[in-house]
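Okay, so here's the structure we're looking at.
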Amino acid sequence: MSLLPDAVRREAFAEASRFRGEFYECLTARRDELFELTDALLCVDGPVTSPVELTLVPEHRRGHGALYGALNRGRIDVDRLRALLADMPLPRFDGDRLVLAVDVSPWLRSDAPCSADRLFCHVYGRAKSASQFIPGWPYSFVAVLEPGATSWTGILDVVRLGPEDDATAVTAAQLRAVVERLIAAGQWTPGDPDITIVMDAGYDVTRLAWVLRDLPVELVGRIRGDRVMRLPKPPRVYNPKGGHPPKHGPEFRFNKPETWPEPAITTATDTANYGMAEAQAWDRVHPRLTHRSAWLEHDGELPIVEGTLVRLKVEHLSKEREAPQVWLWSSKTGAAPADVDRWWQGFLRRFDLEHTFRFGKQTLGWTTPKLRTPEAADRWTWLLVVAHTQLRLARPLAADLRRPWEKPTRPERLTPARVRRGFRNIRAHLLCPARVPQPRGAGPGRPPGTKNRRPAPRYDVGKTVKRPETLKAIGRPGRSW
């Protein structure tokens, strides 16, 4: 039984009911079935093993034909739903700062030759000592993070990457849209601290920092340990031989400590899991850009995108494993020691998004359905995002329905799986706008014993479109330094 004050509980019930009512308005076709399907996801006992099994849940009052019809031909006003997600209460870090994370998770479909728009997804841990490329649908998620050790995140947006998409361009457009929706919803106002966006090494953080430079954001991304960057250019001195002044300073090679100057900032933090964490930071470190990859079609002189480079080293990982050094780059310059600690601590919170992916796949059954079309997969993905959001809103209302072998947990420490156990009890007090189904009888379907004379088309696994990599390939003259 929850010990929260009645006013807090009433506010939580009202917020959850408001979200359910506005979500119902976002459903423009087959809305009753899609709404009840989302409730079935939250009320079924145990993990979701098959979508059709959800039709046996009491909260789902329609047949299995309605389920497949809604996934294949239903419609969701995604733009309105995205605005709704941005308008919900969001967790914040110290100083009332929003911290977002962006990452890609694949829906693997190696056995679906009749499904279009599949890509080769880079998957770790499926071989003994190597990664693999498996056909599937990659989805890019943007979520807001919580401070402290937790498995909760608030998903704000999801986009499926197609064969013709440039991952950096799609991520930049996705982040821009998310930040603009947060500003429109009043989540950020002038005078608030900049929104921090953390990402892993698979993203071109310097390119994203340049594209999003007009937004109130600071980007923090991990950099590979074999990179070479440049220090700020030295003060201009007279050169009797003439020539142009240098644009860049000396090289900063990550794997050669002799090229590292004295760090501008050094901090040490005693952590509970990793021992002493030491962070060193260098200001105005930047890459030496060339007209390749994302900068190929850049007009004019290439910019100098300066930021703060951070080297993080901890004493050990879990189980006393040796910890490699981690390199981070932030788009902010002139940082203080508190900023450096905030960056690497926020980056470690990025891994909470991995718990969300695992919960979505193993418990909510995100990648369980064998859906044929990518459009149906998009609808199912959005239903899971809505279900996860409802769990987050119902978090203050949930009781600890633990198993006999589980340890008691404080209400604020309940995991998404434990909140889901009691959602059926919470749902009884929430708004349920879905209408009572009207019996219509079974559909005609294909007569028994007849063959399917319209076989489904088969698609090859699409590789990403090969783009030109040099100025010569796109018919433009080279540029001199």
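Here's how to read the names in the structure tokens: chain A, B, ... by the order shown, residue numbers from 1 in each chain, ligand numbers from 1 in the order shown.
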
query: Using the chain letters and numbers from this document, which residues of stretch 64-234 of chain A does DSSP assign to helix (DSSP H, G or I), as a VMD selection string?
result: chain A and resid 64 to 73 78 to 86 167 to 184 205 to 211

- Item | Residues near stretch 54-57 of chain A, cut-off 7 Å, only C-alpha atoms, skip fewer than 5 positions along chain, as a PyMOL selection string | chain A and resi 40+44+62-64

Within 10 Å of A:Pro337, counting only C-alpha atoms, which residues show up once you throw out same-chain ones fewer than 4 positions away? Write them as a ChimeraX atom specification, please. /A:264-268,279-281,341-342

Prev. selection, C-alpha atoms, output as an mmCIF file, in the first residue's frame:
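The resulting file, part_17.cif, is shown below:
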data_model
loop_
_atom_site.group_PDB
_atom_site.id
_atom_site.type_symbol
_atom_site.label_atom_id
_atom_site.label_comp_id
_atom_site.auth_asym_id
_atom_site.auth_seq_id
_atom_site.Cartn_x
_atom_site.Cartn_y
_atom_site.Cartn_z
ATOM 1 C CA ALA A 264 43.755 22.508 -17.664
ATOM 2 C CA ILE A 265 41.507 20.710 -15.146
ATOM 3 C CA THR A 266 42.092 17.630 -12.998
ATOM 4 C CA THR A 267 39.462 16.199 -10.678
ATOM 5 C CA ALA A 268 39.313 13.119 -8.447
ATOM 6 C CA ALA A 279 39.282 13.080 -14.873
ATOM 7 C CA GLN A 280 41.651 15.269 -16.877
ATOM 8 C CA ALA A 281 40.383 17.953 -19.260
ATOM 9 C CA ASP A 341 32.512 15.809 -13.342
ATOM 10 C CA ARG A 342 28.958 16.412 -14.550
#

Margin query: Which residues are near A:Trp260? Cut-off 10 Å, only C-alpha atoms, ignore same chain within fewer than 4 positions. Put them as a ChimeraX atom specification.
Written below: /A:231,250-256,282

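Excluding stretch 18-34 of chain A itself and same-chain residues fewer than 4 positions from it, the residues having an atom within 6 Å of it are Ala70, Gly74, Arg75, Ile76, Asp77 and Ala434 of chain A, counting only C-alpha atoms.
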
Requested in this report: Considering only C-alpha atoms, return as JSON, numbers by chain whatever protein or nucleic-acid residues lie within 12 Å of A:Arg230, sequence-local ones (same chain, fewer than 5 positions apart) excluded.
Outcome: {"A": [246, 247, 248, 249, 250, 251, 252, 253, 254, 259, 260, 261, 282, 283, 284, 285, 286, 287, 288, 289, 304, 305, 306, 307, 308, 309]}

In terms of only C-alpha atoms, the residue from A:Ser140, A:Arg61, A:Arg292, A:Arg321 at minimal distance from A:Trp107 is A:Ser140

Test item: residues at most 9 Å from A:Phe347, only C-alpha atoms, excluding those fewer than 5 positions along its chain, as a ChimeraX atom specification: /A:101,197-200,220-222,328,342

Residue subset to file, keeping N, CA and C atoms, as a PDB file, in the first residue's frame:
ATOM      1  N   ALA A 101      19.732  11.250 -23.839  1.00  0.00           N
ATOM      2  CA  ALA A 101      20.630  10.244 -24.421  1.00  0.00           C
ATOM      3  C   ALA A 101      20.036   9.785 -25.739  1.00  0.00           C
ATOM      4  N   ILE A 197      23.195  16.475 -23.973  1.00  0.00           N
ATOM      5  CA  ILE A 197      22.890  15.296 -24.786  1.00  0.00           C
ATOM      6  C   ILE A 197      24.132  14.411 -24.800  1.00  0.00           C
ATOM      7  N   VAL A 198      24.006  13.182 -24.327  1.00  0.00           N
ATOM      8  CA  VAL A 198      25.129  12.253 -24.250  1.00  0.00           C
ATOM      9  C   VAL A 198      24.934  11.165 -25.299  1.00  0.00           C
ATOM     10  N   MET A 199      26.043  10.669 -25.826  1.00  0.00           N
ATOM     11  CA  MET A 199      26.005   9.650 -26.880  1.00  0.00           C
ATOM     12  C   MET A 199      27.287   8.840 -26.843  1.00  0.00           C
ATOM     13  N   ASP A 200      27.252   7.683 -27.501  1.00  0.00           N
ATOM     14  CA  ASP A 200      28.404   6.788 -27.510  1.00  0.00           C
ATOM     15  C   ASP A 200      29.291   7.092 -28.716  1.00  0.00           C
ATOM     16  N   VAL A 220      27.870  15.733 -25.380  1.00  0.00           N
ATOM     17  CA  VAL A 220      28.957  14.980 -24.757  1.00  0.00           C
ATOM     18  C   VAL A 220      28.972  13.606 -25.400  1.00  0.00           C
ATOM     19  N   GLY A 221      30.069  13.258 -26.044  1.00  0.00           N
ATOM     20  CA  GLY A 221      30.159  11.975 -26.727  1.00  0.00           C
ATOM     21  C   GLY A 221      31.479  11.297 -26.466  1.00  0.00           C
ATOM     22  N   ARG A 222      31.448   9.982 -26.497  1.00  0.00           N
ATOM     23  CA  ARG A 222      32.684   9.212 -26.333  1.00  0.00           C
ATOM     24  C   ARG A 222      33.462   9.206 -27.639  1.00  0.00           C
ATOM     25  N   LEU A 328      36.176  11.446 -23.649  1.00  0.00           N
ATOM     26  CA  LEU A 328      34.933  12.152 -23.917  1.00  0.00           C
ATOM     27  C   LEU A 328      35.254  13.512 -24.526  1.00  0.00           C
ATOM     28  N   ARG A 342      30.340  16.589 -14.098  1.00  0.00           N
ATOM     29  CA  ARG A 342      28.958  16.412 -14.550  1.00  0.00           C
ATOM     30  C   ARG A 342      28.903  15.693 -15.885  1.00  0.00           C
TER      31      ARG A 342
END

A:Ala376, A:Val385, A:Leu302, A:Ala417: which is nearest A:Asp400, counting only C-alpha atoms?
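Distance minimum relative to A:Asp400 lands on A:Ala417.
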
For A:Gly462, the nearest of the candidates A:Pro216, A:Gly334, A:Pro374, A:Pro163, counting only C-alpha atoms: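 Selected residue with least distance to A:Gly462: A:Pro163.
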
Among A:Leu215, A:Thr171, A:Ala201, A:Thr269, A:Ala338 is approached most closely, using only C-alpha atoms, by A:Thr269

* Asked: Restricting the calculation to only C-alpha atoms, which member of A:Thr367, A:Gln345, A:Thr389, A:Ser330 is positioned closest to A:Leu84?
  ->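 Among A:Thr367, A:Gln345, A:Thr389, A:Ser330, it is A:Thr389 that comes nearest to A:Leu84.
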
Report as a Markdown table the residues of stretch 30-119 of chain A within 10 Å of stretch 174-190 of chain A, each with its shortest atom pair and distance in Å (one decimal), using only C-alpha atoms, ordered by chain and increasing residue number.
| residue | atom | partner | partner_atom | distance |
| --- | --- | --- | --- | --- |
| A:Arg82 | CA | A:Arg181 | CA | 8.0 |
| A:Ala83 | CA | A:Arg181 | CA | 6.2 |
| A:Leu84 | CA | A:Ala185 | CA | 8.8 |
| A:Leu85 | CA | A:Arg181 | CA | 9.3 |
| A:Ala86 | CA | A:Leu182 | CA | 5.5 |
| A:Asp87 | CA | A:Ala185 | CA | 5.3 |
| A:Met88 | CA | A:Ala185 | CA | 8.8 |
| A:Pro89 | CA | A:Gln187 | CA | 8.6 |
| A:Leu90 | CA | A:Gln187 | CA | 8.2 |
| A:Asp96 | CA | A:Trp188 | CA | 9.5 |
| A:Arg97 | CA | A:Trp188 | CA | 8.9 |
| A:Leu98 | CA | A:Trp188 | CA | 8.4 |
| A:Leu100 | CA | A:Leu175 | CA | 9.3 |
| A:Ala101 | CA | A:Leu175 | CA | 9.7 |
| A:Val102 | CA | A:Leu175 | CA | 8.3 |

Kindly save the residues from that selection, with all heavy atoms included, as a short mmCIF file (atom, residue, chain, number, x, y, z; two decimals), in the first residue's frame.
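Generated file (again13.cif):
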data_model
loop_
_atom_site.label_atom_id
_atom_site.label_comp_id
_atom_site.auth_asym_id
_atom_site.auth_seq_id
_atom_site.Cartn_x
_atom_site.Cartn_y
_atom_site.Cartn_z
N ARG A 82 4.34 12.66 -30.20
CA ARG A 82 5.65 13.17 -29.79
C ARG A 82 5.51 14.44 -28.95
O ARG A 82 6.22 14.62 -27.95
CB ARG A 82 6.50 13.45 -31.03
CG ARG A 82 7.05 12.20 -31.70
CD ARG A 82 7.64 12.51 -33.04
NE ARG A 82 8.37 11.37 -33.58
CZ ARG A 82 8.56 11.16 -34.88
NH1 ARG A 82 8.03 12.01 -35.77
NH2 ARG A 82 9.24 10.12 -35.30
N ALA A 83 4.61 15.34 -29.35
CA ALA A 83 4.38 16.54 -28.56
C ALA A 83 3.83 16.19 -27.19
O ALA A 83 4.15 16.85 -26.18
CB ALA A 83 3.44 17.48 -29.31
N LEU A 84 2.99 15.17 -27.11
CA LEU A 84 2.44 14.74 -25.82
C LEU A 84 3.54 14.20 -24.91
O LEU A 84 3.57 14.50 -23.71
CB LEU A 84 1.37 13.69 -26.06
CG LEU A 84 0.76 13.03 -24.81
CD1 LEU A 84 0.10 14.06 -23.92
CD2 LEU A 84 -0.22 11.93 -25.22
N LEU A 85 4.45 13.41 -25.45
CA LEU A 85 5.54 12.86 -24.64
C LEU A 85 6.43 13.97 -24.09
O LEU A 85 6.92 13.89 -22.96
CB LEU A 85 6.37 11.88 -25.47
CG LEU A 85 5.66 10.58 -25.89
CD1 LEU A 85 6.53 9.80 -26.86
CD2 LEU A 85 5.31 9.73 -24.68
N ALA A 86 6.66 15.01 -24.89
CA ALA A 86 7.49 16.13 -24.44
C ALA A 86 6.80 16.97 -23.38
O ALA A 86 7.47 17.71 -22.65
CB ALA A 86 7.89 17.00 -25.63
N ASP A 87 5.48 16.88 -23.27
CA ASP A 87 4.72 17.69 -22.32
C ASP A 87 4.53 16.99 -20.98
O ASP A 87 3.97 17.57 -20.06
CB ASP A 87 3.36 18.03 -22.93
CG ASP A 87 2.64 19.11 -22.15
OD1 ASP A 87 3.30 20.05 -21.69
OD2 ASP A 87 1.40 19.00 -21.98
N MET A 88 5.00 15.75 -20.84
CA MET A 88 4.86 15.02 -19.59
C MET A 88 5.92 15.46 -18.58
O MET A 88 6.96 16.01 -18.96
CB MET A 88 4.98 13.52 -19.85
CG MET A 88 3.81 12.92 -20.62
SD MET A 88 2.25 12.93 -19.69
CE MET A 88 1.41 14.30 -20.48
N PRO A 89 5.70 15.25 -17.28
CA PRO A 89 6.74 15.55 -16.29
C PRO A 89 8.01 14.75 -16.57
O PRO A 89 7.95 13.53 -16.80
CB PRO A 89 6.10 15.14 -14.96
CG PRO A 89 4.62 15.17 -15.21
CD PRO A 89 4.45 14.78 -16.65
N LEU A 90 9.15 15.43 -16.56
CA LEU A 90 10.42 14.81 -16.90
C LEU A 90 11.41 14.91 -15.74
O LEU A 90 11.43 15.93 -15.04
CB LEU A 90 11.02 15.47 -18.15
CG LEU A 90 10.17 15.42 -19.43
CD1 LEU A 90 10.87 16.15 -20.55
CD2 LEU A 90 9.87 13.99 -19.84
N ASP A 96 18.27 21.76 -12.10
CA ASP A 96 17.10 21.69 -12.97
C ASP A 96 17.50 21.50 -14.43
O ASP A 96 16.91 22.08 -15.34
CB ASP A 96 16.25 22.96 -12.82
CG ASP A 96 14.81 22.73 -13.24
OD1 ASP A 96 14.31 21.62 -13.05
OD2 ASP A 96 14.19 23.67 -13.77
N ARG A 97 18.51 20.67 -14.66
CA ARG A 97 19.04 20.44 -16.00
C ARG A 97 18.47 19.16 -16.60
O ARG A 97 18.40 18.12 -15.93
CB ARG A 97 20.57 20.34 -15.97
CG ARG A 97 21.22 20.20 -17.35
CD ARG A 97 22.70 19.95 -17.20
NE ARG A 97 23.36 21.04 -16.53
CZ ARG A 97 23.86 22.11 -17.16
NH1 ARG A 97 23.78 22.20 -18.47
NH2 ARG A 97 24.46 23.07 -16.47
N LEU A 98 18.07 19.23 -17.87
CA LEU A 98 17.63 18.06 -18.61
C LEU A 98 18.84 17.39 -19.25
O LEU A 98 19.69 18.05 -19.85
CB LEU A 98 16.63 18.45 -19.70
CG LEU A 98 15.21 18.84 -19.24
CD1 LEU A 98 14.43 19.39 -20.42
CD2 LEU A 98 14.49 17.63 -18.65
N LEU A 100 19.64 14.30 -21.95
CA LEU A 100 19.09 13.38 -22.92
C LEU A 100 20.16 12.40 -23.38
O LEU A 100 21.36 12.70 -23.34
CB LEU A 100 18.53 14.13 -24.14
CG LEU A 100 17.55 15.27 -23.88
CD1 LEU A 100 17.09 15.87 -25.20
CD2 LEU A 100 16.37 14.80 -23.07
N ALA A 101 19.73 11.25 -23.84
CA ALA A 101 20.63 10.24 -24.42
C ALA A 101 20.04 9.79 -25.74
O ALA A 101 18.81 9.66 -25.88
CB ALA A 101 20.81 9.05 -23.48
N VAL A 102 20.90 9.53 -26.72
CA VAL A 102 20.48 9.02 -28.01
C VAL A 102 21.25 7.74 -28.29
O VAL A 102 22.46 7.66 -28.03
CB VAL A 102 20.72 10.07 -29.13
CG1 VAL A 102 22.16 10.51 -29.18
CG2 VAL A 102 20.26 9.54 -30.48
#
